[in-house]
Number of protein chains: 4
Amino acid sequence: MAGNTLGKVFQITTFGESHGVSIGGVIDGTPAGLELDPKGIQSDLDRRRPGISDITTSRKEDDKVVILSGVLPAEGGLFVSTGTPIGFQLANKDAKSADYSHLENTYRPSHADYTYDAKYGIRDIRGGGRSSARETACRVVGGAIARQLLKSTDSVEISAYVERVQDISVPFPPAFFSREIVDSTIIRCPSSEVASKMIQRIETVRDEGDTVGGSIVVVAKNVPAGWGEPVFDKLHADLAKALMSIPAVKALEIGAGFSGTLMKGSEHNDEFVSGKNDGTVIETSSNRSGGIQGGISNGEEIVIRIGFKPVATIKKTQNTVNRDGEEIKMSGKGRHDPCVLPRAIPIVEAMVALVLADHSLRQRTSRL
Amino acid sequence: MAGNTLGKVFQITTFGESHGVSIGGVIDGTPAGLELDPKGIQSDLDRRRPGISDITTSRKEDDKVVILSGVLPAEGGLFVSTGTPIGFQLANKDAKSADYSHLENTYRPSHADYTYDAKYGIRDIRGGGRSSARETACRVVGGAIARQLLKSTDSVEISAYVERVQDISVPFPPAFFSREIVDSTIIRCPSSEVASKMIQRIETVRDEGDTVGGSIVVVAKNVPAGWGEPVFDKLHADLAKALMSIPAVKALEIGAGFSGTLMKGSEHNDEFVSGKNDGTVIETSSNRSGGIQGGISNGEEIVIRIGFKPVATIKKTQNTVNRDGEEIKMSGKGRHDPCVLPRAIPIVEAMVALVLADHSLRQRTSRL
Amino acid sequence: MAGNTLGKVFQITTFGESHGVSIGGVIDGTPAGLELDPKGIQSDLDRRRPGISDITTSRKEDDKVVILSGVLPAEGGLFVSTGTPIGFQLANKDAKSADYSHLENTYRPSHADYTYDAKYGIRDIRGGGRSSARETACRVVGGAIARQLLKSTDSVEISAYVERVQDISVPFPPAFFSREIVDSTIIRCPSSEVASKMIQRIETVRDEGDTVGGSIVVVAKNVPAGWGEPVFDKLHADLAKALMSIPAVKALEIGAGFSGTLMKGSEHNDEFVSGKNDGTVIETSSNRSGGIQGGISNGEEIVIRIGFKPVATIKKTQNTVNRDGEEIKMSGKGRHDPCVLPRAIPIVEAMVALVLADHSLRQRTSRL
Amino acid sequence: MAGNTLGKVFQITTFGESHGVSIGGVIDGTPAGLELDPKGIQSDLDRRRPGISDITTSRKEDDKVVILSGVLPAEGGLFVSTGTPIGFQLANKDAKSADYSHLENTYRPSHADYTYDAKYGIRDIRGGGRSSARETACRVVGGAIARQLLKSTDSVEISAYVERVQDISVPFPPAFFSREIVDSTIIRCPSSEVASKMIQRIETVRDEGDTVGGSIVVVAKNVPAGWGEPVFDKLHADLAKALMSIPAVKALEIGAGFSGTLMKGSEHNDEFVSGKNDGTVIETSSNRSGGIQGGISNGEEIVIRIGFKPVATIKKTQNTVNRDGEEIKMSGKGRHDPCVLPRAIPIVEAMVALVLADHSLRQRTSRL
């Protein structure tokens, strides 16, 4: 109930602060017999790792995941799941607690300092404690296992990219791009031309001691029709919750989203057409629904846009108050990302994978 | 797990189809000793009721809620909660099953017909079955009880209004308006001038056999700092899920939302200032965070904008396919809303109340 | 979290007090496409109904269940489940509130009066409120649906009987008896000779203004090997919880139970033998494990013995205290069972059915 | 849903097999501000550790727990909880996988070998995999934290002892004994005279290559009236589930249990008397209810007796079948306990502590 578990059948529970001994978690509900490639898990993690490009924080964490349980060794360096919980751990290596001593008595604007204090009456100031984005590494581990499950059972593929940095945006509508294309620029935008402008903007803003936000598009393809539960656990409702739980996310739209609210019903509706396999598979001729109708997947691509606010930690001087309510001035120290978007890509994909894996298993009980 | 329950401590479970015997539900987790005003519950319900204005469906349901359990009679026609589950029921009166026979073999575009069939292999075609918006009446009952709990313990108030119909929008930023002001126009927009234009648009579109969407703003005030759980059950993540589970919602933003993603960190951050009670209460000088930081309320107003797609049922002829995958033409029959927004107002408020009530109780266990 | 829901996939939520408008509940998670016989549900309920024999309370409730949702009519008076929640309701007819006015200020010994007051600070004295055994009627409805699911998917059959009243016991070890045999005596003991002695004892004790308890045996057959989850949700742990939640149950044993704790390992272990289908089905030559090993069913009969304390409401005068802590004398009024065992039979079967149905669906996600 | 989590507010999730990298878990829901003594946690663990006496297995594990998160260092070597999840880990040191190769194709009688295979189609034969009693070390860590919480908030104390080994039993009824008295004999029986006979019996049986079971009594004192939820999550139902989930437990009784089923109501009922604090605290003059009435604690001692079957692994030759269904003979190898009871003492106490801690927090939301 303390909110560190996500999912009902395929469940992830995470623990850990930025500067404790380690972070880690437990994946419960992986069906037995799934071949797992540990290199694939590490590869997803490496995409999130800090210090991998000029436009991300220089904090160093090698982020090597250790799988502690729930698998047996299989051929070719693979694991096979046994159906029991998969425990995992990532050591905290670059935990320079000294960096944070100046925060002990200070509430950083738009951080979680004040709200944690209001809730718990105590807070771990080292690196933001539990509110640190470091916690998201555990989501990526869970997402990697979810992704391998989805790939294995239904050939589902999930891919996200940076669509917009501040007001610099790609000129095309949401679409699926391979990881190869997405990762071909350090900002993870599939248009190399737009990517250059984005990177330039980030560098400029970073040099001002400031930060930027933007939007990410995520697309899941090959999701079969029939996933999701009516009423409260609608597929897009669970996706919205999972994505909104990523630090810095403040907005979200499915399919045509806000722009669809400007249309008339006759313009927005997705007409059904007789599709693949000589018409036995039903498709829609447009996808303004974003792959979900009545809370249940319809077999089309699931398309979501997510808005990230600019990173709250800036080097510029800001007004704030301390724990005694006295007004003070402060400026950010330490190593922080000027733009969280490229490192958020694997986190977004992970959250989508976690929700889809959960609903893929929940779907198994919907019919006699 | 079938998704008909929301909440972890303050929980609502609903049942019922548009054309069954009745719809209803169970509210579990109401603390004992809460004075409940049944007139307040009915009054919330009456705001959602069909047939109350020219721009809503003419379907007639008197929507009288019967409380079956969990309360004792108290003075002045009030109830007092006993701590046991509150069962409730609303009879289905105006269930004209005959209206829907033409749908037996048809998948209506952008409805849940096809996806329910893909999931269950069977569907209740009468009035949309479980996917009918009629289900939301039960949410309003639960929300009304949640609202009375929140009012009683923390003076929390929640109010929503129609901000935009298609491209016709109010000229002011999100703000709290009393129910009296909101309900002073049938479209539930606090600007009577803008309301007139909205109503005119809806009538025009309705006469074309078409429908429109738009956006709703909801504001919760007096939410104390400290509600919400870090990581997965962030307060805005749970709110996003609850609001996204309302039929026709496709987009959502907290605080500055998408427009905040265009700002720099220095522009977006909300500076803390020493506030009420001689500085002992800490406030922010702006509220781009929308009242939630790090997933936990900070004591400012919670501000959310929700985007509703246009209603899928239109009278215009559309292309679609039948259950055999054959392409056919169809046009909507029956009595449907040309614009769902005014009737969605009490549902939006109910979902916010349900989530806040849940987190208000969860908050009780966060400290020794 | 308030404890009115049982199960994780196949879930029952109940509501209602003895003297409110009605009792009822919601069954969520029934797979779509299940044929349900409403007569079978009513028939299970009728076995629990008060006033059906000389040795049960004369309170009158016709206990007619009304199914409110979640089903469609099918041929032959049957229903078919749609996969959506099944709401149901039983009206409270014989609610003589006046009978209970003397209890307003009194804590009846070994009742829930004092503990409810300690918990909630308020209590519904009419008929015991939520602590009334009337609540168990809802369990029987849920159990009846669970039973029909289990029968349909796996031919599982569940049967309970009264093994012992006080010290009058059947001379044979636990075994499966058909409902016909069980119901051939009003005490529901399969030995008519022992049944006569039991009935005589109950009549004698009733005439003294006193009550008796005893034990019930329940056996489930045709449960496939592989149901149950390791560690916390072991099949027998979930069964123990469900059965212990029945009013008046104070003891429980699986398989050889307490008597097995007197054996050595070599005497207690169940040896595997090559069994049915030319040895492809593995069996055990004894069943001291009671059909569950390591928390998972092994394909043998599941055998549980449950101990019921004597009914707390007696007509004899007892010492107690009132709400002000003053010592007083009281004696029971109203219509109560001198022995709860025969009416507990369908409740015991229902609880076993609910747990098995839940695990039958949970089992579907254990393998790739 | 895979059953590796227990509790609703105070939650433990465990992972790990006997022979993997490590075992461990996550405690979620500990209120912030709790002083935790790591020595107390280790001390509880050390009571469960193998190899600590002549009558337990000689397997060596130093079972040093490492707390990974969720706490801050406090004065005097103590920790203070931050309200975030407490991750912990115990390395597997003495994992001699070679010992188990003979089991690859064999189903040991009354073990979980066959049932895991039936469920998952794959099993980790090394040391019993997830079904190993080693998993219970994680329960003891969680129980130790729960115990410190209960002690801190309500002065609750929990103590268990061995009451009976096979037919050798203490002559006194269930009662609370201090840990000092319980641990004064290696069998953990508070009567040194009876303890000697028990130890002698265990040695005799061990030398025969056989094993024994028996019973444990656990008593919790200072539990306030008002903990537990009506209907399904009755306090004793949750305790029964938690205790039944301990390996080898097959029977359980609360208060007078089975012996109480022989009494009449007038003999069994616990009369209320005006008690402590000049009569303002209400007590009962007897405690046949075992401290729980209507599923809710009444302030008296909670008293439970638990029956453990003899350990399934014996050195004597037994008949069984292999995975191909062929009948074979086998005899146990490796280092196993001839009697699990003394090492089960801290596990029993831990499970009671986990359930009580959960309900102590759940209780906080029952009143306005």
# chains A, B, ... in the order shown; residues from 1 in each chain; ligands from 1

call {"tool": "select_by_dssp", "arguments": {"residues": "region 85-249 of chain A", "states": "strand (DSSP E)", "output": "VMD selection string"}}
result
chain A and resid 86 to 91 157 to 165 168 to 169 214 to 221 249

call {"tool": "write_last_selection", "arguments": {"atoms": "N, CA and C atoms", "output": "PDB file, in the first residue's frame"}}
result
ATOM      1  N   ILE A  86      11.871 -13.208  -9.138  1.00  0.00           N
ATOM      2  CA  ILE A  86      13.203 -12.837  -9.631  1.00  0.00           C
ATOM      3  C   ILE A  86      13.668 -11.627  -8.821  1.00  0.00           C
ATOM      4  N   GLY A  87      14.603 -11.881  -7.895  1.00  0.00           N
ATOM      5  CA  GLY A  87      15.204 -10.776  -7.147  1.00  0.00           C
ATOM      6  C   GLY A  87      16.388 -10.223  -7.918  1.00  0.00           C
ATOM      7  N   PHE A  88      16.594  -8.917  -7.823  1.00  0.00           N
ATOM      8  CA  PHE A  88      17.767  -8.339  -8.508  1.00  0.00           C
ATOM      9  C   PHE A  88      18.272  -7.137  -7.729  1.00  0.00           C
ATOM     10  N   GLN A  89      19.478  -6.743  -8.055  1.00  0.00           N
ATOM     11  CA  GLN A  89      20.155  -5.721  -7.274  1.00  0.00           C
ATOM     12  C   GLN A  89      21.133  -4.944  -8.146  1.00  0.00           C
ATOM     13  N   LEU A  90      21.255  -3.647  -7.880  1.00  0.00           N
ATOM     14  CA  LEU A  90      22.287  -2.820  -8.517  1.00  0.00           C
ATOM     15  C   LEU A  90      23.009  -2.061  -7.396  1.00  0.00           C
ATOM     16  N   ALA A  91      24.289  -2.265  -7.300  1.00  0.00           N
ATOM     17  CA  ALA A  91      25.057  -1.582  -6.255  1.00  0.00           C
ATOM     18  C   ALA A  91      25.093  -0.085  -6.529  1.00  0.00           C
ATOM     19  N   GLU A 157       6.388  -5.501 -29.732  1.00  0.00           N
ATOM     20  CA  GLU A 157       7.576  -4.648 -29.700  1.00  0.00           C
ATOM     21  C   GLU A 157       7.186  -3.245 -29.264  1.00  0.00           C
ATOM     22  N   ILE A 158       8.065  -2.650 -28.464  1.00  0.00           N
ATOM     23  CA  ILE A 158       7.795  -1.333 -27.894  1.00  0.00           C
ATOM     24  C   ILE A 158       8.961  -0.418 -28.205  1.00  0.00           C
ATOM     25  N   SER A 159       8.674   0.770 -28.706  1.00  0.00           N
ATOM     26  CA  SER A 159       9.774   1.686 -28.999  1.00  0.00           C
ATOM     27  C   SER A 159       9.345   3.126 -28.747  1.00  0.00           C
ATOM     28  N   ALA A 160      10.229   3.878 -28.095  1.00  0.00           N
ATOM     29  CA  ALA A 160       9.962   5.285 -27.794  1.00  0.00           C
ATOM     30  C   ALA A 160      11.049   6.156 -28.424  1.00  0.00           C
ATOM     31  N   TYR A 161      10.709   7.402 -28.670  1.00  0.00           N
ATOM     32  CA  TYR A 161      11.718   8.346 -29.167  1.00  0.00           C
ATOM     33  C   TYR A 161      11.385   9.756 -28.685  1.00  0.00           C
ATOM     34  N   VAL A 162      12.397  10.627 -28.740  1.00  0.00           N
ATOM     35  CA  VAL A 162      12.179  12.024 -28.375  1.00  0.00           C
ATOM     36  C   VAL A 162      11.552  12.743 -29.564  1.00  0.00           C
ATOM     37  N   GLU A 163      10.371  13.263 -29.354  1.00  0.00           N
ATOM     38  CA  GLU A 163       9.633  13.914 -30.434  1.00  0.00           C
ATOM     39  C   GLU A 163       9.887  15.425 -30.425  1.00  0.00           C
ATOM     40  N   ARG A 164      10.096  15.957 -29.223  1.00  0.00           N
ATOM     41  CA  ARG A 164      10.201  17.401 -29.093  1.00  0.00           C
ATOM     42  C   ARG A 164      11.075  17.760 -27.905  1.00  0.00           C
ATOM     43  N   VAL A 165      11.976  18.748 -28.093  1.00  0.00           N
ATOM     44  CA  VAL A 165      12.703  19.362 -26.987  1.00  0.00           C
ATOM     45  C   VAL A 165      12.271  20.821 -26.968  1.00  0.00           C
ATOM     46  N   ILE A 168      11.341  22.541 -30.247  1.00  0.00           N
ATOM     47  CA  ILE A 168      11.952  21.917 -31.437  1.00  0.00           C
ATOM     48  C   ILE A 168      11.388  20.511 -31.617  1.00  0.00           C
ATOM     49  N   SER A 169      10.640  20.321 -32.668  1.00  0.00           N
ATOM     50  CA  SER A 169       9.864  19.088 -32.807  1.00  0.00           C
ATOM     51  C   SER A 169      10.105  18.432 -34.157  1.00  0.00           C
ATOM     52  N   GLY A 214      10.253  18.483 -22.721  1.00  0.00           N
ATOM     53  CA  GLY A 214       9.797  18.194 -24.077  1.00  0.00           C
ATOM     54  C   GLY A 214       8.832  17.025 -24.068  1.00  0.00           C
ATOM     55  N   SER A 215       8.765  16.326 -25.191  1.00  0.00           N
ATOM     56  CA  SER A 215       7.831  15.196 -25.238  1.00  0.00           C
ATOM     57  C   SER A 215       8.455  13.966 -25.866  1.00  0.00           C
ATOM     58  N   ILE A 216       7.938  12.827 -25.433  1.00  0.00           N
ATOM     59  CA  ILE A 216       8.366  11.521 -25.934  1.00  0.00           C
ATOM     60  C   ILE A 216       7.142  10.820 -26.495  1.00  0.00           C
ATOM     61  N   VAL A 217       7.341  10.128 -27.609  1.00  0.00           N
ATOM     62  CA  VAL A 217       6.279   9.282 -28.165  1.00  0.00           C
ATOM     63  C   VAL A 217       6.670   7.832 -27.956  1.00  0.00           C
ATOM     64  N   VAL A 218       5.725   7.017 -27.528  1.00  0.00           N
ATOM     65  CA  VAL A 218       5.992   5.577 -27.413  1.00  0.00           C
ATOM     66  C   VAL A 218       4.929   4.820 -28.194  1.00  0.00           C
ATOM     67  N   VAL A 219       5.372   3.807 -28.919  1.00  0.00           N
ATOM     68  CA  VAL A 219       4.479   2.999 -29.753  1.00  0.00           C
ATOM     69  C   VAL A 219       4.706   1.521 -29.429  1.00  0.00           C
ATOM     70  N   ALA A 220       3.616   0.793 -29.228  1.00  0.00           N
ATOM     71  CA  ALA A 220       3.703  -0.659 -29.036  1.00  0.00           C
ATOM     72  C   ALA A 220       2.999  -1.329 -30.192  1.00  0.00           C
ATOM     73  N   LYS A 221       3.677  -2.230 -30.868  1.00  0.00           N
ATOM     74  CA  LYS A 221       3.010  -2.907 -31.985  1.00  0.00           C
ATOM     75  C   LYS A 221       2.865  -4.404 -31.730  1.00  0.00           C
ATOM     76  N   VAL A 249       7.147  13.592 -15.445  1.00  0.00           N
ATOM     77  CA  VAL A 249       6.036  13.510 -16.404  1.00  0.00           C
ATOM     78  C   VAL A 249       4.841  14.302 -15.853  1.00  0.00           C
TER      79      VAL A 249
END

call {"tool": "residues_around", "arguments": {"residues": "region 197-200 of chain D", "least_positions_apart": "4", "cutoff": "12 Å", "atoms": "only C-alpha atoms", "output": "CSV table (one decimal) with N, CA and C atoms, in the first residue's frame"}}
result
chain,number,residue,atom,x,y,z
D,53,SER,N,22.7,-26.4,17.2
D,53,SER,CA,22.7,-27.4,18.3
D,53,SER,C,22.8,-28.8,17.8
D,54,ASP,N,22.9,-29.7,18.6
D,54,ASP,CA,23.1,-31.1,18.2
D,54,ASP,C,21.8,-31.7,17.5
D,55,ILE,N,20.7,-31.1,17.8
D,55,ILE,CA,19.4,-31.7,17.3
D,55,ILE,C,18.9,-30.9,16.0
D,56,THR,N,19.8,-30.1,15.5
D,56,THR,CA,19.4,-29.4,14.2
D,56,THR,C,20.4,-29.8,13.1
D,162,VAL,N,8.0,-24.7,22.3
D,162,VAL,CA,7.6,-26.1,22.0
D,162,VAL,C,6.8,-26.7,23.1
D,163,GLU,N,5.6,-27.1,22.8
D,163,GLU,CA,4.7,-27.6,23.8
D,163,GLU,C,4.8,-29.1,23.8
D,164,ARG,N,5.0,-29.7,22.6
D,164,ARG,CA,4.9,-31.1,22.5
D,164,ARG,C,5.9,-31.6,21.4
D,165,VAL,N,6.6,-32.7,21.6
D,165,VAL,CA,7.3,-33.4,20.6
D,165,VAL,C,6.7,-34.8,20.5
D,166,GLN,N,6.2,-35.2,19.4
D,166,GLN,CA,5.4,-36.4,19.3
D,166,GLN,C,4.4,-36.5,20.4
D,167,ASP,N,4.5,-37.4,21.4
D,167,ASP,CA,3.6,-37.5,22.5
D,167,ASP,C,4.1,-37.0,23.8
D,168,ILE,N,5.3,-36.4,23.7
D,168,ILE,CA,5.9,-35.8,25.0
D,168,ILE,C,5.5,-34.4,25.1
D,169,SER,N,4.7,-34.1,26.1
D,169,SER,CA,4.1,-32.7,26.2
D,169,SER,C,4.3,-32.1,27.5
D,170,VAL,N,4.3,-30.8,27.6
D,170,VAL,CA,4.3,-30.1,28.9
D,170,VAL,C,3.0,-30.3,29.6
D,185,THR,N,16.6,-24.1,27.0
D,185,THR,CA,16.9,-25.5,26.5
D,185,THR,C,16.9,-25.5,25.0
D,186,ILE,N,17.7,-26.4,24.4
D,186,ILE,CA,17.9,-26.3,22.9
D,186,ILE,C,16.6,-26.7,22.2
D,187,ILE,N,15.7,-27.4,22.8
D,187,ILE,CA,14.5,-27.7,22.2
D,187,ILE,C,13.4,-26.6,22.3
D,188,ARG,N,13.8,-25.6,23.2
D,188,ARG,CA,12.9,-24.4,23.4
D,188,ARG,C,11.6,-24.8,24.0
D,189,CYS,N,11.7,-25.6,25.0
D,189,CYS,CA,10.5,-26.0,25.8
D,189,CYS,C,10.7,-25.4,27.2
D,190,PRO,N,9.8,-24.6,27.8
D,190,PRO,CA,10.0,-23.9,29.0
D,190,PRO,C,10.1,-24.8,30.2
D,191,SER,N,9.8,-26.1,30.1
D,191,SER,CA,10.0,-27.1,31.2
D,191,SER,C,11.3,-27.8,30.9
D,192,SER,N,12.3,-27.6,31.8
D,192,SER,CA,13.6,-28.3,31.5
D,192,SER,C,13.5,-29.8,31.6
D,193,GLU,N,12.6,-30.2,32.5
D,193,GLU,CA,12.4,-31.7,32.7
D,193,GLU,C,11.8,-32.3,31.4
D,204,THR,N,17.0,-40.2,19.6
D,204,THR,CA,16.7,-41.7,19.3
D,204,THR,C,16.2,-41.8,17.9
D,205,VAL,N,15.2,-41.0,17.6
D,205,VAL,CA,14.6,-41.0,16.2
D,205,VAL,C,15.6,-40.7,15.1
D,206,ARG,N,16.4,-39.6,15.4
D,206,ARG,CA,17.4,-39.2,14.4
D,206,ARG,C,18.3,-40.4,14.1
D,207,ASP,N,18.7,-41.1,15.2
D,207,ASP,CA,19.6,-42.2,15.0
D,207,ASP,C,19.0,-43.4,14.2
D,212,VAL,N,10.6,-36.4,13.7
D,212,VAL,CA,9.4,-36.3,14.5
D,212,VAL,C,8.8,-34.9,14.3
D,213,GLY,N,7.5,-34.7,14.6
D,213,GLY,CA,6.8,-33.4,14.6
D,213,GLY,C,6.4,-33.1,16.0
D,214,GLY,N,5.4,-32.3,16.1
D,214,GLY,CA,4.8,-31.9,17.5
D,214,GLY,C,4.0,-30.6,17.4
D,215,SER,N,4.0,-29.9,18.5
D,215,SER,CA,3.2,-28.7,18.5
D,215,SER,C,3.9,-27.5,19.2
D,338,PRO,N,16.2,-33.4,12.3
D,338,PRO,CA,15.3,-34.6,12.7
D,338,PRO,C,14.0,-34.0,13.3
D,339,CYS,N,14.0,-32.8,13.7
D,339,CYS,CA,12.8,-32.2,14.3
D,339,CYS,C,12.9,-30.7,14.0
D,341,LEU,N,11.0,-28.3,15.1
D,341,LEU,CA,10.3,-27.4,16.1
D,341,LEU,C,11.2,-26.3,16.7
D,342,PRO,N,12.4,-26.6,17.2
D,342,PRO,CA,13.1,-25.5,17.8
D,342,PRO,C,13.4,-24.4,16.9

call {"tool": "atom_distance", "arguments": {"atom1": "CA of Ile314 (chain A)", "atom2": "CA of Lys333 (chain A)"}}
result
8.1 Å

call {"tool": "select_by_dssp", "arguments": {"residues": "region 226-339 of chain A", "states": "helix (DSSP H, G or I)", "output": "PyMOL selection string"}}
result
chain A and resi 231-233+235-244+257-260+265-268

call {"tool": "residues_around", "arguments": {"residues": "Gly275 (chain B)", "least_positions_apart": "4", "cutoff": "12 Å", "atoms": "only C-alpha atoms", "output": "list in words"}}
result
Thr320, Val321, Asp324, Gly325, Glu326 and Glu327 of chain A; Glu271, Gly279, Thr280, Val281, Ile282, Glu283, Thr284, Ser285, Gly299 and Glu300 of chain B

call {"tool": "interface_residues", "arguments": {"of": "chain D", "to": "chain A", "cutoff": "10 Å", "atoms": "only C-alpha atoms", "output": "count of residues only"}}
result
59

call {"tool": "residues_around", "arguments": {"residues": "Ala237 (chain D)", "least_positions_apart": "6", "cutoff": "8 Å", "atoms": "only C-alpha atoms", "output": "PyMOL selection string"}}
result
(chain C and resi 240-245) or (chain D and resi 295)

call {"tool": "residues_around", "arguments": {"residues": "Ala256 (chain B)", "least_positions_apart": "2", "cutoff": "10 Å", "atoms": "only C-alpha atoms", "output": "number ranges by chain"}}
result
A: 250-251, 309; B: 174, 253-254, 258-263, 268, 287-290, 303-305

call {"tool": "write_last_selection", "arguments": {"atoms": "C-alpha atoms", "output": "mmCIF file, in the first residue's frame"}}
result
data_model
loop_
_atom_site.group_PDB
_atom_site.id
_atom_site.type_symbol
_atom_site.label_atom_id
_atom_site.label_comp_id
_atom_site.auth_asym_id
_atom_site.auth_seq_id
_atom_site.Cartn_x
_atom_site.Cartn_y
_atom_site.Cartn_z
ATOM 1 C CA LYS A 250 3.165 16.020 -16.216
ATOM 2 C CA ALA A 251 1.020 15.304 -19.284
ATOM 3 C CA LYS A 309 8.657 19.199 -17.515
ATOM 4 C CA PRO B 174 -7.611 27.084 -14.538
ATOM 5 C CA GLU B 253 -2.264 17.204 -17.823
ATOM 6 C CA ILE B 254 -1.319 18.206 -14.285
ATOM 7 C CA PHE B 258 2.210 20.224 -21.998
ATOM 8 C CA SER B 259 2.644 23.999 -21.975
ATOM 9 C CA GLY B 260 5.133 23.599 -19.128
ATOM 10 C CA THR B 261 7.284 21.406 -21.359
ATOM 11 C CA LEU B 262 8.053 24.492 -23.442
ATOM 12 C CA MET B 263 9.547 26.325 -20.440
ATOM 13 C CA HIS B 268 8.823 26.320 -14.530
ATOM 14 C CA ASN B 287 1.653 26.550 -9.098
ATOM 15 C CA ARG B 288 3.019 25.070 -12.295
ATOM 16 C CA SER B 289 3.399 21.794 -10.392
ATOM 17 C CA GLY B 290 -0.387 21.655 -10.019
ATOM 18 C CA VAL B 303 -5.143 21.396 -10.935
ATOM 19 C CA ILE B 304 -5.823 18.937 -13.745
ATOM 20 C CA ARG B 305 -7.048 19.356 -17.328
#

call {"tool": "residues_around", "arguments": {"residues": "region 346-353 of chain A", "least_positions_apart": "3", "cutoff": "8 Å", "atoms": "only C-alpha atoms", "output": "compact mmCIF listing (two decimals) with C-alpha atoms, in the first residue's frame"}}
result
# COMPACT_ATOMS: atom_id res chain seq x y z
CA ASP A 44 18.24 -1.91 -21.65
CA LEU A 45 19.87 -0.68 -18.45
CA ARG A 47 20.57 2.96 -22.30
CA ARG A 48 19.47 4.62 -19.06
CA THR A 136 14.02 4.17 -12.28
CA ALA A 137 16.91 1.81 -13.03
CA ARG A 139 11.93 -0.19 -13.51
CA VAL A 140 14.16 -0.76 -16.50
CA VAL A 141 15.21 -4.18 -15.18
CA GLY A 142 11.57 -5.15 -14.69
CA GLY A 143 10.66 -3.69 -18.05
CA ALA A 144 13.40 -5.68 -19.76
CA ALA A 146 8.48 -7.86 -19.31
CA ARG A 147 9.66 -7.01 -22.81
CA LEU A 150 5.91 -10.03 -24.48
CA ILE A 158 7.79 -1.33 -27.89
CA SER A 159 9.77 1.69 -29.00
CA ALA A 160 9.96 5.28 -27.79
CA VAL A 218 5.99 5.58 -27.41
CA LEU A 239 -0.61 2.88 -18.92
CA ALA A 242 2.53 3.84 -15.00
CA LEU A 243 3.84 6.61 -17.26
CA ILE A 246 7.94 8.50 -14.04
CA ARG A 343 17.66 8.86 -20.60
CA LEU A 356 1.37 -4.80 -21.15
CA ALA A 357 2.98 -7.89 -19.59
